[in-house]
Amino acid sequence: MKRRNSIPIAAALLLLSLAGCMNEDNGNSEDAERVRMVPVETMEVERGSFEDYIRVTGVIEALDDAVISSESSGRVESILRRGESVEQDGVIVRMDDRLSRARYEAAKTSFELAEDTYNRMKALYEDEIISTQDYRAARAQRDQARSQLSQAEKQLNDSDIKAPFGGRIEERFVSEGELVSPGMPVVRLVDNSRVRIVAGIPERYSGQIVDGSPARIMIRALGNRRLESQVTFAGELIDAATRTFPVEVELDNQDGELKPEMVVDIQVKRTTIENAIVIPRTAIVRDESAIYVFRTMEESGYPVAELVEVEAGFAYGSLIEITTGLESGDQIVVAGLSSLNMGDRLNIVQSSSSEEKIRMLQSRR
């Protein structure tokens with residue numbers, strides 16, 4: 001009895017085992033046919049112009065910024081306060097001029113006497129009453145007195161220290177009642193109505209950046225405010241320490257928002273490339289020997305990823321020029337590359353033209 005019952009049970013177990021194997025084979029077959037689908041953003045490649053810019057950091061300087069010094073000795077009677085404005089030739093400092101005025105009056109009297117003597121001696125000389133030697137001596141005394149008068153007049157005028165240009169008093173180095181001597185600084189005068197940005201360009205771009213090269217300025221301290229201008233000076237000398245040559249960009253600053261020593265970003269135009277293919281840097285895939293992009297291709301009616309080797313040219317900011325490997329009309333992946341492999345099926349969630357994508361990236365700079 002026991003032996004007869006064991007045969008049907010073994011057969012049943014065998015049938016169940018075979019059924020399980022068949023189900024397992026069917027599951028593996030379905031997994032093999034399953035294809036990975038990756039969400040990506042694509043861009044259609046178009047040819048156009050590409051402007052290559054050099055990006056450097058610059059510092060703002062006032063166009064007129066000078067430390068004004070005294071040219072004579074004296075005691076300060078009055079001086080403008082910090083923050084006060086003064087016109088060109090306006091008085092900044094008045095000094096006690098009593099001694100200078102006394103010297104001037106004495107020199108003026110001596111000159112008038114010497115000139116009167118000379119005029120009388122000249123008349124006598126013309127009438128041949130006095131000798132040539134006496135006439136020349138009178139003329140020399142007159143000329144010497146004139147020179148002394150001119151010197152005394154300058155010393156008197158120097159008692160008032162005047163502004164060589166219109167501006168604002170930014171610093172005072174002396175106070176009222178203080179004695180000053182020739183060459184002693186008294187104030188710092190700054191005209192901030194027009195400023196210049198000074199920066200250094202790497203020497204490898206020498207000859208490519210010249211006077212008049214277009215420049216874009218971004219001012220960090222003013223909420224990344226952007227201005228357009230051009231290079232007003234491109235130096236010819238290379239700084240031995242930094243291996244750069246200086247450039248200057250001048251800007252109007254009537255509102256006074258641009259302050260000296262502000263740090264700004266400058267983008268100086270190097271060249272314009274026509275009929276170029278330009279793509280975002282995010283589309284580039286690199287390895288040790290080459291660079292690639294993922295181009296879309298159709299397979300079984302679906303877009304899939306194809307890895308294409310390319311060569312790059314100029315690069316600027318978030319954009320890069322592709323010289324070989326792509327043509328107009330190609331569609332490339334620009335976002336979603338981190339999990340993408342060659343042959344993956346693409347779920348294109350967004351697509352744009354080259355012009356739209358580049359405009360969007362440039363607006364973020």
# chains A, B, ... in the order shown; residues from 1 in each chain; ligands from 1
>>> select_by_dssp(residues="segment 135-358 of chain A", states="helix (DSSP H, G or I)", output="JSON, numbers by chain")
{"A": [135, 136, 137, 138, 139, 140, 141, 142, 143, 144, 145, 146, 147, 148, 149, 150, 151, 152, 153, 154, 155, 156, 157, 203, 204, 205, 220, 221, 222, 281, 282, 283, 337, 338, 339, 354, 355, 356, 357, 358]}
>>> residues_around(residues="Lys154 of chain A", least_positions_apart="2", cutoff="12 Å", atoms="only C-alpha atoms", output="PyMOL selection string")
chain A and resi 71-72+97+100-101+103-104+107+147-152+156-161
>>> closest_residue(among="A:Leu99, A:Met43, A:Val67, A:Val263", to="Asp191 of chain A", atoms="only C-alpha atoms")
A:Val67
>>> residues_around(residues="segment 180-183 of chain A", least_positions_apart="2", cutoff="12 Å", atoms="only C-alpha atoms", output="number ranges by chain")
A: 67-77, 93-96, 155, 158-159, 161, 173-178, 185-187
>>> atom_distance(atom1="atom CA of Gly301 of chain A", atom2="atom CA of Leu326 of chain A")
22.3 Å
